[in-house]
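Written out below as structure tokens is the structure these notes cover.
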Amino acid sequence: MDEFRVPLLVDSNGLYITEAQMLFWINQAGGEESYTAGDPKFMEYYKNCCMYNLIYDMMDEDLSCASMYWDHAKEEVALSFPLEGKVSKKLSEITFSYDLDDSEEDEDFGIF
């Protein structure tokens with residue numbers, strides 16, 4: 001596996017952030033503090049990394065399941081996939097799984 005693709009920690013749904021992605025966040029100004037403080041910006045970054053990695057891995061097995069490209073207007077990686085395709089199905093399974101695992105009445109959200 002490419003050194004930039006090494007998972008830091010994989011959750012029960014197979015979602016992960018890579019070591020390189022985490023180091024990128026921590027090494028920016030205020031990154032380590034925002035990570036340890038549970039900053040919403042870090043959580044959004046974490047969620048985006050998990051989605052990127054999930055789709056990247058799925059595309060590694062089946063290149064036709066999604067498209068990944070650079071969005072010049074937003075200056076970020078953009079993803080697209082069919083509404084009824086493999087990626088949509090996997091994301092709905094993950095969302096459903098997080099709903100089942102939720103034991104707290106006041107925390108009814110998942111990663112997606």
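Ordered as shown in the structure tokens, chains take letters A, B, and onward, while each chain numbers its residues from 1 and ligands are numbered from 1 in the order shown.
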- Where does DSSP see strand (DSSP E) in chain A, if you list the residues as a PyMOL selection string? chain A and resi 7-10+16-18+67-71+76-80
- Message: Could you list, as a list of chain:residue names, every residue within 12 Å of range 88-90 of chain A, counting only C-alpha atoms and ignoring same-chain residues fewer than 3 positions away?
- Response: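 The contact residues come out as A:Asn13, A:Gly14, A:Leu15, A:Met51, A:Leu54, A:Ile55, A:Asp57, A:Met58, A:Cys65, A:Ala66, A:Leu79, A:Ser80, A:Phe81, A:Pro82, A:Leu83, A:Glu84, A:Gly85, A:Glu93, A:Ile94, A:Thr95, A:Phe96, A:Ser97, A:Phe112.
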Output file for the residues above (N, CA and C atoms, as a CSV table (one decimal), in the first residue's frame):
chain,number,residue,atom,x,y,z
A,13,ASN,N,-17.2,0.1,10.3
A,13,ASN,CA,-17.8,0.3,8.9
A,13,ASN,C,-16.8,0.3,7.8
A,14,GLY,N,-15.5,0.2,8.2
A,14,GLY,CA,-14.4,0.3,7.3
A,14,GLY,C,-14.0,1.7,6.9
A,15,LEU,N,-14.5,2.7,7.6
A,15,LEU,CA,-14.2,4.1,7.4
A,15,LEU,C,-12.9,4.5,8.1
A,51,MET,N,-15.1,9.8,3.6
A,51,MET,CA,-15.9,9.6,2.3
A,51,MET,C,-14.9,9.4,1.1
A,54,LEU,N,-13.3,6.0,1.3
A,54,LEU,CA,-14.3,4.9,1.0
A,54,LEU,C,-14.4,4.9,-0.6
A,55,ILE,N,-14.6,6.0,-1.2
A,55,ILE,CA,-14.9,6.0,-2.6
A,55,ILE,C,-13.6,5.7,-3.4
A,57,ASP,N,-11.2,3.7,-2.4
A,57,ASP,CA,-11.0,2.2,-2.3
A,57,ASP,C,-12.0,1.5,-3.2
A,58,MET,N,-13.3,2.0,-3.3
A,58,MET,CA,-14.3,1.3,-4.1
A,58,MET,C,-13.9,1.5,-5.6
A,65,CYS,N,-17.5,2.9,-10.7
A,65,CYS,CA,-18.5,3.1,-9.7
A,65,CYS,C,-18.7,4.6,-9.3
A,66,ALA,N,-17.7,5.4,-9.6
A,66,ALA,CA,-17.7,6.8,-9.2
A,66,ALA,C,-16.7,7.6,-10.1
A,79,LEU,N,-16.5,14.6,-6.0
A,79,LEU,CA,-16.8,13.2,-6.2
A,79,LEU,C,-18.2,13.2,-6.8
A,80,SER,N,-18.4,12.2,-7.7
A,80,SER,CA,-19.8,12.0,-8.2
A,80,SER,C,-20.0,10.5,-8.4
A,81,PHE,N,-21.2,10.1,-8.2
A,81,PHE,CA,-21.5,8.7,-8.4
A,81,PHE,C,-23.0,8.5,-8.6
A,82,PRO,N,-23.4,7.5,-9.3
A,82,PRO,CA,-24.8,7.3,-9.6
A,82,PRO,C,-25.7,7.1,-8.3
A,83,LEU,N,-26.9,7.7,-8.3
A,83,LEU,CA,-27.8,7.7,-7.2
A,83,LEU,C,-28.2,6.3,-6.8
A,84,GLU,N,-28.3,5.4,-7.7
A,84,GLU,CA,-28.6,4.0,-7.4
A,84,GLU,C,-27.4,3.0,-7.6
A,85,GLY,N,-26.2,3.5,-7.5
A,85,GLY,CA,-25.0,2.7,-7.7
A,85,GLY,C,-24.4,2.2,-6.4
A,93,GLU,N,-25.8,2.1,3.7
A,93,GLU,CA,-25.6,1.1,4.7
A,93,GLU,C,-24.8,1.6,5.9
A,94,ILE,N,-23.9,2.5,5.6
A,94,ILE,CA,-23.1,3.1,6.7
A,94,ILE,C,-24.0,4.0,7.6
A,95,THR,N,-24.8,4.8,7.0
A,95,THR,CA,-25.7,5.7,7.7
A,95,THR,C,-26.6,4.9,8.5
A,96,PHE,N,-27.2,3.8,8.0
A,96,PHE,CA,-28.1,3.0,8.7
A,96,PHE,C,-27.4,2.3,9.8
A,97,SER,N,-26.2,1.8,9.6
A,97,SER,CA,-25.4,1.2,10.7
A,97,SER,C,-25.2,2.1,11.9
A,112,PHE,N,-22.3,10.4,8.2
A,112,PHE,CA,-22.8,10.9,6.9
A,112,PHE,C,-24.3,11.3,7.1
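Between CA of Leu8 in chain A and CA of Glu75 in chain A the separation is 25.5 Å.
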- Find the residues around Met22 in chain A up to 10 Å (only C-alpha atoms counted), leave out those fewer than 5 positions away in its own chain, and share them as a VMD selection string. chain A and resid 7 to 8 17 27 31 to 32 35 42 45 to 46 49
Please produce a file of those selected residues containing N, CA and C atoms, as an mmCIF file, in the first residue's frame.
data_model
loop_
_atom_site.group_PDB
_atom_site.id
_atom_site.type_symbol
_atom_site.label_atom_id
_atom_site.label_comp_id
_atom_site.auth_asym_id
_atom_site.auth_seq_id
_atom_site.Cartn_x
_atom_site.Cartn_y
_atom_site.Cartn_z
ATOM 1 N N PRO A 7 -4.058 3.556 6.611
ATOM 2 C CA PRO A 7 -5.100 4.000 7.553
ATOM 3 C C PRO A 7 -4.535 4.221 8.952
ATOM 4 N N LEU A 8 -4.988 5.280 9.586
ATOM 5 C CA LEU A 8 -4.603 5.552 10.964
ATOM 6 C C LEU A 8 -5.405 4.656 11.906
ATOM 7 N N ILE A 17 -9.336 7.517 8.296
ATOM 8 C CA ILE A 17 -8.531 8.648 7.861
ATOM 9 C C ILE A 17 -7.103 8.106 7.789
ATOM 10 N N ASN A 27 -0.466 19.457 11.157
ATOM 11 C CA ASN A 27 0.678 20.313 10.861
ATOM 12 C C ASN A 27 0.318 21.703 10.371
ATOM 13 N N GLY A 31 -3.837 23.285 14.061
ATOM 14 C CA GLY A 31 -4.397 21.979 13.743
ATOM 15 C C GLY A 31 -4.449 21.021 14.919
ATOM 16 N N GLU A 32 -3.354 20.920 15.658
ATOM 17 C CA GLU A 32 -3.329 19.984 16.789
ATOM 18 C C GLU A 32 -4.332 20.389 17.866
ATOM 19 N N TYR A 35 -7.893 19.628 16.677
ATOM 20 C CA TYR A 35 -8.148 18.191 16.691
ATOM 21 C C TYR A 35 -8.496 17.716 18.104
ATOM 22 N N PHE A 42 -12.590 20.308 12.159
ATOM 23 C CA PHE A 42 -11.862 19.045 12.070
ATOM 24 C C PHE A 42 -12.822 17.893 11.792
ATOM 25 N N TYR A 45 -13.617 17.847 8.233
ATOM 26 C CA TYR A 45 -12.454 17.333 7.506
ATOM 27 C C TYR A 45 -12.386 15.814 7.640
ATOM 28 N N TYR A 46 -12.576 15.307 8.850
ATOM 29 C CA TYR A 46 -12.545 13.865 9.097
ATOM 30 C C TYR A 46 -13.616 13.151 8.263
ATOM 31 N N CYS A 49 -12.591 13.106 4.657
ATOM 32 C CA CYS A 49 -11.521 12.133 4.430
ATOM 33 C C CYS A 49 -12.089 10.713 4.387
#
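Here CA of Asn53 in chain A is placed at a distance of 13.9 Å from CA of Tyr69 in chain A.
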